[in-house]
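Colleague: Pasting a structure here, questions to come.
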Amino acid sequence: MYRELWVGKFWLIVGLFAIVAALEFSTPPDYVFGYLYIGPILLVNARFDRTATLQATAIACLLTMVNVWLPSHNVVQAATVASRLIAVLALVVTGFLSDRNRSYQQTLLQQQAKLQAQEKLASIREDFASTLTHDLKTPMLGAIETLEAIRRENFGPILPAQKAVMTTMIRSHKNSLQLVETLLDVYRNDTEGLKLKFAPVDLVEVAEDVAATLMGLAASRRVHISFNYGNSDFRQFLWVNGDAFQLHRVFVNLLTNAINHSPRGSKVEVILAPGSSYHVARVVDMGAGITPEEVPHLFKRFYQGHSDRQAKGSGLGLYLTRQIVEAHGGKIWAENRQPHGAIFAFRLPVLPFQKSLSP
């Protein structure tokens, strides 16, 4: 079947060449029909390879120039030769440009095929990761509940040393479960988008609630959590239009990150500063700080820096935090604290008429 199509295309092109040649050789040399060879040349370029295109162009140029002397043997005028040379130049340019255009098209098709293959591979990988993380949650929850029951001595008394081991195992399992849930959320947000339930939210209340829930972690690290309300000595109300649950996760990620990277006996400060257009929240620690080359990459997915600070993380928490903040129309950033430590901050648009919401 393919050979029959090839033969058919070949004879079509030969026929077109024959028609143009007949017009050329049946008329005086002053009538230049060589431009019509452009059609067969374009057909050859579209149907055959580069060599065939060059051969067709060469044959067309030869036939165009031979017609100056054949079939008549009259004196050749300079104007006639010039016209033929212009036609030959047009044929050469056509063959060259058509061949280059085909090369560009082939390169473009190859790049498109590579992109499609990469997108398909990425889709398969993300579907696999999403399914795997979702399926991992059930056995991990079961393991945590079982360990909790053992620690509560539901299956019989246990020694204090065993209870301490159970507590450590439960904490480890909960950390793993949190990582799995974060990974699942990241893939879900990338594929489906982050779905928010907007309502008036006080950032101060959210931050204080999160700090209360993390007191155990802070105590185990001997880290003190303090609050600073910007230029005011009194508790502020920073109202925004947001999803309280997701903003709770933002503070959990930033405070956990700060606590884990603070030296023992130090403190983590939460600075909540109201503004006219944006409210700004900053979480300041006294840890190792951030290297300048890491700053632009901190909020990228799975980013693992070279410093001790980045090596401790999974590269997901800050990425998820950025997703949430940007979905609220805000901005998140990180900077070094002088003389040492790091500042992770974000800003969110002020909720209009927030004063009416304040008690």
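Just remember, in the structure tokens the first chain shown is A, the second B, etc., residues are 1-based per chain, and ligands are 1-based in the order shown.
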Could you give me, as a PyMOL selection string, the residues within 6 Å of Arg282 of chain A, counting only C-alpha atoms and dropping anything in the same chain fewer than 4 positions from it?

Modeller: chain A and resi 270-271+344-345

Colleague: Select from segment 310-351 of chain A everything DSSP, run on the backbone, classes as alpha helix (DSSP H), then give the selection as a list of chain:residue names.

Modeller: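 Of segment 310-351 of chain A, the ones in alpha helix (DSSP H) are A:Gln310, A:Ala311, A:Gly317, A:Leu318, A:Tyr319, A:Leu320, A:Thr321, A:Arg322, A:Gln323, A:Ile324, A:Val325, A:Glu326, A:Ala327.
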
Colleague: Between A:Ala117, A:Met169, A:Leu247, A:Leu194, which one has atoms that come closest to Val206 of chain A, using only C-alpha atoms?

Modeller: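 Using only C-alpha atoms, Val206 of chain A sits closest to A:Leu247.
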
Colleague: Calculate how many Å separate atom CA of Phe17 of chain A from atom CA of Ile38 of chain A, rounding to one decimal.

Modeller: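 Spanning atom CA of Phe17 of chain A to atom CA of Ile38 of chain A is a straight-line distance of 9.9 Å.
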
Colleague: For a test of reading the model, state the distance in Å between atom CA of Leu254 of chain A and atom CA of Leu147 of chain A, rounded to one decimal.

Modeller: 28.4 Å

Colleague: Would you mind listing, for every residue of segment 139-215 of chain A within 8 Å of segment 317-330 of chain A, the two atoms forming the shortest contact and the distance between them in Å to one decimal, using only C-alpha atoms, sorted by chain and ascending residue number, as JSON lines?

Modeller:
{"residue": "A:Thr182", "atom": "CA", "partner": "A:Gly317", "partner_atom": "CA", "distance": 6.9}
{"residue": "A:Asp185", "atom": "CA", "partner": "A:Leu320", "partner_atom": "CA", "distance": 7.7}
{"residue": "A:Val186", "atom": "CA", "partner": "A:Leu320", "partner_atom": "CA", "distance": 6.0}
{"residue": "A:Asn189", "atom": "CA", "partner": "A:Gln323", "partner_atom": "CA", "distance": 7.9}
{"residue": "A:Leu194", "atom": "CA", "partner": "A:Ala327", "partner_atom": "CA", "distance": 7.0}

Colleague: At a cut-off of 12 Å, using only C-alpha atoms, what residues contact segment 283-288 of chain A? Leave out same-chain residues fewer than 4 positions from it and give the result as a ChimeraX atom specification.

Modeller: /A:207,211,223-228,250-273,307-312,332-347

Colleague: What is the distance, in Å and to one decimal place, between atom CA of Ala82 of chain A and atom CA of Leu62 of chain A?

Modeller: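 Atom CA of Leu62 of chain A lies 14.7 Å from atom CA of Ala82 of chain A.
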
Colleague: With a distance cut-off of 12 Å and only C-alpha atoms, select the neighbouring residues of Val44 of chain A, excluding the residue or stretch itself and same-chain residues fewer than 4 positions from it, and output the selection as a PyMOL selection string.

Modeller: chain A and resi 6+9-14+16-17+37-40+48-57+60+94-95+98-99+102

Colleague: So that I have them on file, write out the residues from the current selection with N, CA, C and O atoms, as a JSON list (two decimals), in the first residue's frame.

Modeller:
[["chain", "number", "residue", "atom", "x", "y", "z"],
["A", 6, "TRP", "N", 3.64, 5.82, -2.89],
["A", 6, "TRP", "CA", 4.91, 6.45, -3.28],
["A", 6, "TRP", "C", 5.01, 6.56, -4.80],
["A", 6, "TRP", "O", 5.41, 7.60, -5.32],
["A", 9, "LYS", "N", 2.65, 9.31, -6.12],
["A", 9, "LYS", "CA", 3.17, 10.66, -5.90],
["A", 9, "LYS", "C", 4.32, 10.95, -6.86],
["A", 9, "LYS", "O", 4.43, 12.07, -7.40],
["A", 10, "PHE", "N", 5.16, 9.94, -7.11],
["A", 10, "PHE", "CA", 6.30, 10.13, -8.00],
["A", 10, "PHE", "C", 5.84, 10.50, -9.40],
["A", 10, "PHE", "O", 6.33, 11.46, -10.00],
["A", 11, "TRP", "N", 4.87, 9.75, -9.91],
["A", 11, "TRP", "CA", 4.41, 10.01, -11.27],
["A", 11, "TRP", "C", 3.61, 11.30, -11.37],
["A", 11, "TRP", "O", 3.60, 11.96, -12.41],
["A", 12, "LEU", "N", 2.97, 11.70, -10.29],
["A", 12, "LEU", "CA", 2.29, 13.00, -10.28],
["A", 12, "LEU", "C", 3.29, 14.13, -10.46],
["A", 12, "LEU", "O", 3.07, 15.07, -11.26],
["A", 13, "ILE", "N", 4.40, 14.03, -9.74],
["A", 13, "ILE", "CA", 5.42, 15.08, -9.83],
["A", 13, "ILE", "C", 6.08, 15.06, -11.21],
["A", 13, "ILE", "O", 6.33, 16.11, -11.81],
["A", 14, "VAL", "N", 6.35, 13.85, -11.72],
["A", 14, "VAL", "CA", 6.93, 13.75, -13.07],
["A", 14, "VAL", "C", 5.99, 14.37, -14.08],
["A", 14, "VAL", "O", 6.41, 15.09, -15.01],
["A", 16, "LEU", "N", 3.78, 16.78, -13.61],
["A", 16, "LEU", "CA", 3.81, 18.24, -13.49],
["A", 16, "LEU", "C", 5.06, 18.82, -14.14],
["A", 16, "LEU", "O", 5.01, 19.86, -14.82],
["A", 17, "PHE", "N", 6.21, 18.15, -13.91],
["A", 17, "PHE", "CA", 7.45, 18.60, -14.57],
["A", 17, "PHE", "C", 7.29, 18.56, -16.09],
["A", 17, "PHE", "O", 7.75, 19.47, -16.80],
["A", 37, "TYR", "N", 7.83, 25.65, -12.05],
["A", 37, "TYR", "CA", 8.48, 24.49, -11.43],
["A", 37, "TYR", "C", 8.41, 24.55, -9.89],
["A", 37, "TYR", "O", 8.71, 23.57, -9.20],
["A", 38, "ILE", "N", 8.07, 25.74, -9.38],
["A", 38, "ILE", "CA", 7.97, 25.89, -7.92],
["A", 38, "ILE", "C", 6.96, 24.90, -7.35],
["A", 38, "ILE", "O", 7.18, 24.31, -6.28],
["A", 39, "GLY", "N", 5.85, 24.69, -8.07],
["A", 39, "GLY", "CA", 4.82, 23.75, -7.60],
["A", 39, "GLY", "C", 5.35, 22.34, -7.42],
["A", 39, "GLY", "O", 5.24, 21.76, -6.32],
["A", 40, "PRO", "N", 5.96, 21.73, -8.44],
["A", 40, "PRO", "CA", 6.53, 20.39, -8.28],
["A", 40, "PRO", "C", 7.61, 20.32, -7.21],
["A", 40, "PRO", "O", 7.72, 19.32, -6.48],
["A", 48, "PHE", "N", 8.87, 13.82, -0.23],
["A", 48, "PHE", "CA", 10.09, 13.02, -0.26],
["A", 48, "PHE", "C", 11.15, 13.66, 0.64],
["A", 48, "PHE", "O", 10.88, 14.63, 1.35],
["A", 49, "ASP", "N", 12.38, 13.13, 0.56],
["A", 49, "ASP", "CA", 13.42, 13.59, 1.46],
["A", 49, "ASP", "C", 14.17, 14.79, 0.88],
["A", 49, "ASP", "O", 13.84, 15.30, -0.19],
["A", 50, "ARG", "N", 15.20, 15.21, 1.63],
["A", 50, "ARG", "CA", 15.95, 16.40, 1.24],
["A", 50, "ARG", "C", 16.69, 16.20, -0.08],
["A", 50, "ARG", "O", 16.75, 17.12, -0.91],
["A", 51, "THR", "N", 17.25, 15.02, -0.29],
["A", 51, "THR", "CA", 17.99, 14.75, -1.54],
["A", 51, "THR", "C", 17.09, 14.89, -2.75],
["A", 51, "THR", "O", 17.48, 15.48, -3.77],
["A", 52, "ALA", "N", 15.87, 14.35, -2.64],
["A", 52, "ALA", "CA", 14.93, 14.47, -3.75],
["A", 52, "ALA", "C", 14.58, 15.92, -4.03],
["A", 52, "ALA", "O", 14.43, 16.33, -5.19],
["A", 53, "THR", "N", 14.46, 16.74, -2.97],
["A", 53, "THR", "CA", 14.16, 18.17, -3.16],
["A", 53, "THR", "C", 15.30, 18.86, -3.91],
["A", 53, "THR", "O", 15.06, 19.65, -4.84],
["A", 54, "LEU", "N", 16.55, 18.56, -3.52],
["A", 54, "LEU", "CA", 17.69, 19.16, -4.20],
["A", 54, "LEU", "C", 17.77, 18.71, -5.66],
["A", 54, "LEU", "O", 18.07, 19.51, -6.56],
["A", 55, "GLN", "N", 17.50, 17.44, -5.90],
["A", 55, "GLN", "CA", 17.52, 16.93, -7.27],
["A", 55, "GLN", "C", 16.44, 17.60, -8.12],
["A", 55, "GLN", "O", 16.69, 17.98, -9.27],
["A", 56, "ALA", "N", 15.23, 17.72, -7.57],
["A", 56, "ALA", "CA", 14.14, 18.36, -8.32],
["A", 56, "ALA", "C", 14.46, 19.81, -8.62],
["A", 56, "ALA", "O", 14.18, 20.32, -9.73],
["A", 57, "THR", "N", 15.07, 20.51, -7.65],
["A", 57, "THR", "CA", 15.44, 21.91, -7.87],
["A", 57, "THR", "C", 16.50, 22.02, -8.97],
["A", 57, "THR", "O", 16.42, 22.90, -9.85],
["A", 60, "ALA", "N", 14.89, 21.42, -12.38],
["A", 60, "ALA", "CA", 14.08, 22.57, -12.79],
["A", 60, "ALA", "C", 14.98, 23.70, -13.28],
["A", 60, "ALA", "O", 14.68, 24.35, -14.31],
["A", 94, "THR", "N", 13.39, 28.89, -3.52],
["A", 94, "THR", "CA", 12.23, 28.08, -3.13],
["A", 94, "THR", "C", 12.68, 26.73, -2.56],
["A", 94, "THR", "O", 12.19, 26.29, -1.53],
["A", 95, "GLY", "N", 13.62, 26.08, -3.28],
["A", 95, "GLY", "CA", 14.10, 24.78, -2.78],
["A", 95, "GLY", "C", 14.79, 24.90, -1.43],
["A", 95, "GLY", "O", 14.57, 24.08, -0.53],
["A", 98, "SER", "N", 12.10, 25.88, 1.33],
["A", 98, "SER", "CA", 11.19, 24.78, 1.62],
["A", 98, "SER", "C", 11.90, 23.68, 2.41],
["A", 98, "SER", "O", 11.32, 23.07, 3.31],
["A", 99, "ASP", "N", 13.19, 23.43, 2.07],
["A", 99, "ASP", "CA", 13.95, 22.43, 2.82],
["A", 99, "ASP", "C", 14.18, 22.88, 4.25],
["A", 99, "ASP", "O", 14.04, 22.09, 5.20],
["A", 102, "ARG", "N", 10.98, 22.57, 6.24],
["A", 102, "ARG", "CA", 10.70, 21.19, 6.63],
["A", 102, "ARG", "C", 11.58, 20.78, 7.81],
["A", 102, "ARG", "O", 11.13, 20.08, 8.72]]

Colleague: Could you pull out all residues of segment 210-350 of chain A with a DSSP call of strand (DSSP E or B) and give them as number ranges by chain?

Modeller: A: 224-229, 232, 239-242, 267-273, 278-285, 331-336, 342-350

Colleague: Could you write those residues out with C-alpha atoms, as a JSON list (two decimals), in the first residue's frame?

Modeller:
[["chain", "number", "residue", "atom", "x", "y", "z"],
["A", 224, "HIS", "CA", 10.04, 29.66, 73.86],
["A", 225, "ILE", "CA", 7.34, 31.08, 71.55],
["A", 226, "SER", "CA", 6.61, 34.79, 71.93],
["A", 227, "PHE", "CA", 4.28, 37.21, 70.14],
["A", 228, "ASN", "CA", 4.98, 40.71, 68.93],
["A", 229, "TYR", "CA", 2.23, 42.95, 67.55],
["A", 232, "SER", "CA", 1.54, 48.21, 69.33],
["A", 239, "TRP", "CA", -8.73, 40.39, 59.70],
["A", 240, "VAL", "CA", -8.38, 38.83, 56.24],
["A", 241, "ASN", "CA", -10.70, 37.06, 53.85],
["A", 242, "GLY", "CA", -9.41, 33.51, 53.93],
["A", 267, "LYS", "CA", 13.08, 31.52, 71.25],
["A", 268, "VAL", "CA", 10.83, 31.83, 68.22],
["A", 269, "GLU", "CA", 9.08, 35.15, 67.74],
["A", 270, "VAL", "CA", 5.82, 35.63, 65.85],
["A", 271, "ILE", "CA", 5.47, 39.22, 64.64],
["A", 272, "LEU", "CA", 1.97, 40.22, 63.49],
["A", 273, "ALA", "CA", 1.91, 43.70, 61.98],
["A", 278, "TYR", "CA", -1.76, 44.09, 53.65],
["A", 279, "HIS", "CA", -1.33, 42.41, 57.01],
["A", 280, "VAL", "CA", 2.14, 40.92, 57.50],
["A", 281, "ALA", "CA", 3.05, 37.89, 59.62],
["A", 282, "ARG", "CA", 6.67, 37.04, 60.37],
["A", 283, "VAL", "CA", 8.09, 33.97, 62.10],
["A", 284, "VAL", "CA", 11.60, 34.66, 63.36],
["A", 285, "ASP", "CA", 13.99, 32.02, 64.66],
["A", 331, "LYS", "CA", 3.01, 36.71, 48.93],
["A", 332, "ILE", "CA", 5.53, 34.72, 50.97],
["A", 333, "TRP", "CA", 9.27, 35.22, 51.30],
["A", 334, "ALA", "CA", 12.30, 34.39, 53.45],
["A", 335, "GLU", "CA", 15.31, 36.38, 54.57],
["A", 336, "ASN", "CA", 18.19, 36.19, 57.00],
["A", 342, "ALA", "CA", 15.96, 33.32, 59.64],
["A", 343, "ILE", "CA", 12.70, 35.14, 58.98],
["A", 344, "PHE", "CA", 9.83, 33.52, 57.09],
["A", 345, "ALA", "CA", 7.12, 36.03, 56.34],
["A", 346, "PHE", "CA", 3.94, 36.38, 54.33],
["A", 347, "ARG", "CA", 1.39, 39.07, 53.68],
["A", 348, "LEU", "CA", -2.34, 38.87, 52.93],
["A", 349, "PRO", "CA", -4.77, 41.53, 51.69],
["A", 350, "VAL", "CA", -6.66, 43.36, 54.42]]

Colleague: From the list A:Ile41, A:Ile144, A:Ala21, A:Leu108, which residue is nearest Leu70 of chain A when using only C-alpha atoms?

Modeller: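 Of all the options, A:Ala21 lies closest to Leu70 of chain A.
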